[in-house]
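Asker: Have a look at this one before I ask anything.
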Amino acid sequence: MKIRIRFRKFGVMKFVGHLDMMRYFQKVMRRAEIDIAYSEGFSPHQIMSFAAPLGVGLTSDGEYLDIEVHSTPSSRQALQQMNDAMVEGVEVMSYRRLPDNAKTAMSIVAAADYRVSYQEACDCPFSFSELKEKLHVFYDEAEQIPVTKKTKKGEKTMDLKQLIYDLKAVEDEGRISYKMKVSTGSVDNVKPELVLEAFYAFLGLDLPDQRLQIHRMDVYGTALDGSVISLEEMGEDIA
């Protein structure tokens with residue numbers, strides 16, 4: 001049976017890297033007594049895969065991992081068992097059964113929502129109305145946004161416009177943030193930092209990355225019918 005788990009990562013746990021998170025969840029499965037399946041062979045390991053690694057220092061409400069189990073309690077009971085085994089900074093939000101023919105989240109990831117916030121209102125070099133107008137010129141009115149991205153094989157020139165699906169400024173209780181939906185996955189993976197670097201370069205400014213907090217809100221994948229929906233919506237709760 002295939003299971004998709006959504007969890008949030010916050011607080012000091014944002015400084016824990018992806019490999020350590022994998023090891024952490026392996027221990028959680030044992031402590032929570034989840035009947036997880038193991039691979040065969042001389043070195044069996046838990047059948048587990050994560051959708052998209054989260055960078056160190058980022059927080060998230062939309063992290064996903066897929067597992068296979070031999071048997072399972074209800075979604076409500078599994079949530080309680082797992083959260084009882086969690087440390088502060090990680091919380092399981094949903095535990096849902098997937099169709100037998102479902103692909104792993106890792107293989108179908110297509111996009112992700114991010115919120116990038118200034119730590120203080122004064123960190124933004126513009127008023128909210130000015131920022132909205134400048135974003136409109138940078139993104140909405142632009143036919144192309146050419147950028148050079150560094151890769152393991154060198155440098156790659158790409159049109160960022162085609163990989164940003166939504167970009168806007170929002171204000172909540174005086175705090176100014178950017179909300180964006182960008183391409184995510186193994187082929188065209190766009191980090192929110194790259195979007196902000198391109199925007200600040202367009203403005204002729206240096207990006208104050210140490211004054212920005214990046215938060216991933218959700219991750220989307222390509223469903224069997226070709227639609228792009230939240231990875232959570234591809235499963236169903238277990239009664």
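Every chain in the structure tokens has a letter given in the order shown (A, B, ...), and although residue numbers restart at 1 in each chain, ligands are simply numbered from 1 in the order shown.
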Would you mind listing, for every residue of stretch 50-152 of chain A within 8 Å of stretch 3-23 of chain A, the two atoms forming the shortest contact and the distance between them in Å to one decimal, using only C-alpha atoms, sorted by chain and ascending residue number, as a tab-separated table?

Answerer:
residue	atom	partner	partner_atom	distance
A:Pro53	CA	A:His18	CA	5.9
A:Leu54	CA	A:His18	CA	6.6
A:Gly55	CA	A:Gly17	CA	7.1
A:Val56	CA	A:Phe15	CA	5.2
A:Gly57	CA	A:Lys14	CA	4.9
A:Leu58	CA	A:Lys14	CA	5.5
A:Thr59	CA	A:Phe10	CA	5.1
A:Ser60	CA	A:Lys9	CA	5.2
A:Asp61	CA	A:Arg8	CA	4.2
A:Gly62	CA	A:Arg8	CA	6.0
A:Glu63	CA	A:Phe7	CA	5.2
A:Tyr64	CA	A:Arg6	CA	4.6
A:Leu65	CA	A:Ile5	CA	5.4
A:Asp66	CA	A:Arg4	CA	4.5
A:Ile67	CA	A:Ile3	CA	5.3
A:Glu68	CA	A:Ile3	CA	6.0
A:Val69	CA	A:Ile3	CA	7.3
A:Glu88	CA	A:Gly11	CA	7.8
A:Gly89	CA	A:Phe10	CA	4.7
A:Val90	CA	A:Lys9	CA	4.8
A:Glu91	CA	A:Arg8	CA	5.3
A:Val92	CA	A:Phe7	CA	4.1
A:Met93	CA	A:Phe7	CA	5.1
A:Ser94	CA	A:Arg6	CA	5.1
A:Tyr95	CA	A:Ile5	CA	4.7
A:Arg96	CA	A:Arg4	CA	5.3
A:Arg97	CA	A:Ile3	CA	4.6
A:Leu98	CA	A:Ile3	CA	5.6

Asker: Env of stretch 101-110 of chain A: 12 Å cut, atoms = only C-alpha atoms, seq-sep filter 6 positions within chain, self excluded. Answer as a ChimeraX atom specification.

Answerer: /A:1-6,47-53,63-68,163-165,181-190,218-235

Asker: In stretch 141-207 of chain A, what's strand (DSSP E or B) per DSSP? Answer as number ranges by chain?

Answerer: A: 146-151, 154-159, 164-172, 175-183

Asker: Nearest to A:Tyr139: which of A:Ser43, A:Ser71, A:Gln162, A:Gln210 is it, counting only C-alpha atoms?

Answerer: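 Closest to A:Tyr139 of all the choices is A:Gln162.
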
Asker: What gap, in Å, lies between atom CA of A:Gln81 and atom CA of A:Gln46?

Answerer: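 One can read the atom CA of A:Gln81 to atom CA of A:Gln46 distance as 17.9 Å.
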